[in-house]
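Structure, as structure tokens:
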Amino acid sequence: MRKRMMMLLASLALPLAVNAQSDIVMVVSGYGAGHGETRPGYEFDELAQAYLIFRDNGLTVDIASPQGGKVEADELDPEKPYNKRLLADADAVKKLDNTLSLDQLTDASYRAVFVVGGKGAMFDLPRSPALQQLLRRTWQRDGVVAAVCHGPAAFADLRLDDGKPLVQGKTVTGFSNAEEQLFGKKWRAQFPFQLQDKLISNGARFEHADIMLSKVVVDGRLITGQNPYSTTATADAVVRALGKTPRAREPYPDERSIALLTRLLAGEQQWAKSELARAASQYDVPLIAMYGYIRLRAATEPTDKQSAIDIMSLASAHWYHPQLMLALAQGHKDLQQLPQARHVLTQLLAKEPELAAAKELLATL
């Protein structure tokens, strides 16, 4: 009896090592608190999209965090199709509610490590010795190391046994400085480093697409995705790196929308217009509209403003929001497209006759 009690106490006091039976471990930040208001956490959308792709391709998955147990995402929209699927998966929910502690994985031998993004990843993942050891061991055992969005922060400063940075001489991507400038203002000043700058300082060649467009970089066994909208393509690249051909699937509405925006910005405006007219229900039109709105706010050159106006005009034919119309009219005015600005404001005031901001803007034309 005494021996059994001593063994039980030992098991409670020390983390249990895990001899990994799964193919992939997904690592999430455990920093989050207050639903992203007190401290930022991990991105649930990224976790859900990648997990489902791995599972649907016959790969087994563990989920881990620095301290283990239940961890908090920045936000969760349970109605998004991938989130709804994940939340309906009892096994996945159990893993997420009881994440493995990274200290348990010191001797684990996964085929791949996939680091989920979210601003929380900038705070606790680079400071986790256990994660550094897991990434180093996986890489030096010829495993796959992958990350999306802020996830590359986990290995931005990682050094291998020979003292060289993991990313030295590698081509990578991640959440770019331009994206950080637009979307990271609340937490950016508190980050221990800027992700793009840190990767470059450690010898990486950093590539990125335009803001919030999908971008995946595969440099051998190192796979990185730029932002949340790069998650599915990053997960597909991991599946291929593990010797499988990703199963065909229907793109999600937001995934379709980012692909449409990419083609529109490449000059295929007429195709984008025809495509939305044909199948607007298959797209996330509010996302397209918001992309145009954000792009207009960030634009400094007339060509960038015009592309933003083109996007907002396209979306406004299928989705109405007064602030979108007001911003569209202001964009036309900024480019001295006064007849177009009047037309938009006239349409807006027909729907919102008491909208003071629209009346004031019209009076300036």
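The chains in the structure tokens are called A, B, ... from first to last as shown; in each chain the residues are counted from 1, and the ligands are counted from 1 in the order shown.
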
Q) Which neighbours of A:Lys84 fall inside 9 Å, counting only C-alpha atoms, when residues of the same chain fewer than 6 positions from it are skipped, and could you give them as number ranges by chain? A) A: 48, 77-78

Q.
Which residues are near stretch 137-152 of chain A? Cut-off 7 Å, only C-alpha atoms, ignore same chain within fewer than 6 positions. Put them as a ChimeraX atom specification.
A. /A:109-119,121-122,174-175,221-228,231

Q. Among stretch 71-285 of chain A, which residues carry a DSSP assignment of helix (DSSP H, G or I), reported as a PyMOL selection string?
A. chain A and resi 81-87+90-97+102-105+119-122+129-140+151-154+177-183+188-190+195-201+228-241+253-265+269-282+285

Can you check which residues of stretch 42-121 of chain A DSSP gives as strand (DSSP E or B) on the backbone and send them as a CSV table (one decimal) with N, CA and C atoms, in the first residue's frame?
```csv
chain,number,residue,atom,x,y,z
A,42,TYR,N,-5.1,32.4,-28.3
A,42,TYR,CA,-4.8,31.8,-29.6
A,42,TYR,C,-6.0,32.0,-30.6
A,61,VAL,N,-4.0,13.7,-34.2
A,61,VAL,CA,-3.5,15.0,-33.7
A,61,VAL,C,-3.7,15.1,-32.2
A,62,ASP,N,-2.6,15.6,-31.6
A,62,ASP,CA,-2.7,16.0,-30.2
A,62,ASP,C,-2.7,17.6,-30.1
A,63,ILE,N,-3.1,18.1,-29.0
A,63,ILE,CA,-3.1,19.6,-28.8
A,63,ILE,C,-2.4,19.9,-27.5
A,64,ALA,N,-1.5,20.8,-27.6
A,64,ALA,CA,-0.6,21.1,-26.4
A,64,ALA,C,-0.5,22.6,-26.2
A,65,SER,N,-0.2,23.0,-25.0
A,65,SER,CA,0.0,24.4,-24.6
A,65,SER,C,1.1,24.4,-23.6
A,69,GLY,N,-3.9,21.9,-19.9
A,69,GLY,CA,-5.2,22.2,-19.4
A,69,GLY,C,-6.0,23.0,-20.4
A,73,ALA,N,-9.2,31.1,-26.2
A,73,ALA,CA,-9.0,31.8,-27.5
A,73,ALA,C,-9.4,33.3,-27.3
A,99,THR,N,-5.6,20.4,-22.8
A,99,THR,CA,-4.4,20.4,-23.6
A,99,THR,C,-3.3,19.7,-22.9
A,100,LEU,N,-2.4,19.0,-23.6
A,100,LEU,CA,-1.2,18.5,-23.0
A,100,LEU,C,-0.3,19.6,-22.6
A,101,SER,N,0.4,19.4,-21.5
A,101,SER,CA,1.5,20.4,-21.1
A,101,SER,C,2.7,20.1,-22.0
A,112,ALA,N,5.2,15.9,-37.1
A,112,ALA,CA,5.1,17.3,-37.4
A,112,ALA,C,4.6,18.1,-36.1
A,113,VAL,N,5.1,19.3,-36.0
A,113,VAL,CA,4.6,20.2,-35.0
A,113,VAL,C,4.0,21.4,-35.8
A,114,PHE,N,2.8,21.7,-35.4
A,114,PHE,CA,2.0,22.8,-36.1
A,114,PHE,C,1.7,23.9,-35.0
A,115,VAL,N,2.3,25.1,-35.1
A,115,VAL,CA,2.0,26.1,-34.2
A,115,VAL,C,0.9,27.0,-34.6
```

Q. Between A:Leu195, A:Ala92, A:Ala108, A:Leu328, which has the minimum distance to A:Ser307 (counting only C-alpha atoms)?
A.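 So, comparing all the options, the nearest one is A:Leu328.
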
(Q) Residues near A:Ala130, anyone? I mean within 7 Å using only C-alpha atoms, not counting same-chain ones fewer than 5 positions away, as a list in words. (A)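 My list of contacting residues is Leu102, Asp103 and Thr106 of chain A.
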
Residues as selected, C-alpha atoms, written as a tab-separated table (two decimals), in the first residue's frame, can you do that?
```
chain	number	residue	atom	x	y	z
A	102	LEU	CA	4.55	20.90	-23.30
A	103	ASP	CA	6.61	19.62	-20.36
A	106	THR	CA	10.11	16.16	-23.80
```

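Distances to A:Ala178 were evaluated for A:Glu43, A:Ala204, A:Arg247, A:Ile211 using only C-alpha atoms, and the minimum falls at A:Ile211.
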
Determine, for each residue of stretch 17-133 of chain A having at least one atom at most 12 Å from an atom of stretch 181-191 of chain A, the closest pair of atoms and their separation in Å to one decimal, counting only C-alpha atoms; order by chain and ascending number, as CSV.
```
residue,atom,partner,partner_atom,distance
A:Gly36,CA,A:Trp187,CA,10.2
A:Glu37,CA,A:Lys186,CA,9.6
A:Thr38,CA,A:Trp187,CA,10.5
A:Arg39,CA,A:Trp187,CA,8.8
A:Pro40,CA,A:Trp187,CA,8.0
A:Gly41,CA,A:Trp187,CA,11.3
A:Gly118,CA,A:Gly184,CA,10.6
A:Lys119,CA,A:Trp187,CA,7.7
A:Gly120,CA,A:Trp187,CA,9.4
A:Ala121,CA,A:Phe191,CA,9.8
A:Met122,CA,A:Phe191,CA,6.3
A:Phe123,CA,A:Phe191,CA,6.7
A:Asp124,CA,A:Phe191,CA,10.4
A:Leu125,CA,A:Phe191,CA,11.9
A:Pro126,CA,A:Phe191,CA,10.9
```

**Q.** Which of A:Ser176, A:Gln336, A:Thr364, A:Gln132 sits closest to A:Lys215 [using only C-alpha atoms]
**A.**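 With only C-alpha atoms as the atom set, the closest residue is A:Ser176.
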
Could you pull the residues within 9 Å of A:Asp310, counting only C-alpha atoms, minus those fewer than 6 positions along the same chain, as a tab-separated table (two decimals) with all heavy atoms, in the first residue's frame?
```tsv
chain	number	residue	atom	x	y	z
A	264	LEU	N	-9.16	39.63	-58.04
A	264	LEU	CA	-9.60	40.99	-58.35
A	264	LEU	C	-8.43	41.96	-58.33
A	264	LEU	O	-8.27	42.79	-59.24
A	264	LEU	CB	-10.68	41.41	-57.36
A	264	LEU	CG	-11.41	42.74	-57.60
A	264	LEU	CD1	-12.79	42.70	-56.95
A	264	LEU	CD2	-10.64	43.94	-57.04
A	269	GLN	N	-11.17	42.17	-62.44
A	269	GLN	CA	-12.36	42.80	-61.88
A	269	GLN	C	-13.64	42.25	-62.50
A	269	GLN	O	-14.64	42.02	-61.80
A	269	GLN	CB	-12.30	44.32	-62.07
A	269	GLN	CG	-11.26	45.02	-61.22
A	269	GLN	CD	-9.94	45.19	-61.97
A	269	GLN	OE1	-9.66	44.47	-62.92
A	269	GLN	NE2	-9.15	46.16	-61.54
A	292	GLY	N	-12.20	45.78	-48.31
A	292	GLY	CA	-12.09	47.03	-49.07
A	292	GLY	C	-12.02	48.23	-48.16
A	292	GLY	O	-11.24	49.17	-48.39
```

Q: For atom CA of A:Leu261 and atom CA of A:Tyr291, quote the distance in Å rounded to one decimal.
A: 8.6 Å

Q) Of the residues A:Leu287, A:Ala356, A:Leu47, A:Ile53, which is the one nearest to A:Val93, using only C-alpha atoms? A)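 Between A:Leu287, A:Ala356, A:Leu47, A:Ile53, the residue approaching A:Val93 most closely is A:Leu47.
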
Q | Length of the atom CA of A:Leu86 to atom CA of A:Leu52 vector [Å] | A |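 So the answer is 7.1 Å.
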
**Q.** Atomic distance atom CA of A:Asn177 - atom CA of A:Tyr252, expressed in Å with one decimal
**A.** 26.8 Å

Q: Measuring atom to atom with only C-alpha atoms, identify which of A:Ala88, A:Val71, A:Arg55, A:Leu96 is nearest to A:Ala33.
A: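 Closest to A:Ala33 of all the choices is A:Val71.
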
**Q.** Nearest residue to A:Phe54 from the set A:Pro353, A:Gly220, A:Val25, A:Gly203 (distances using only C-alpha atoms)
**A.** A:Val25
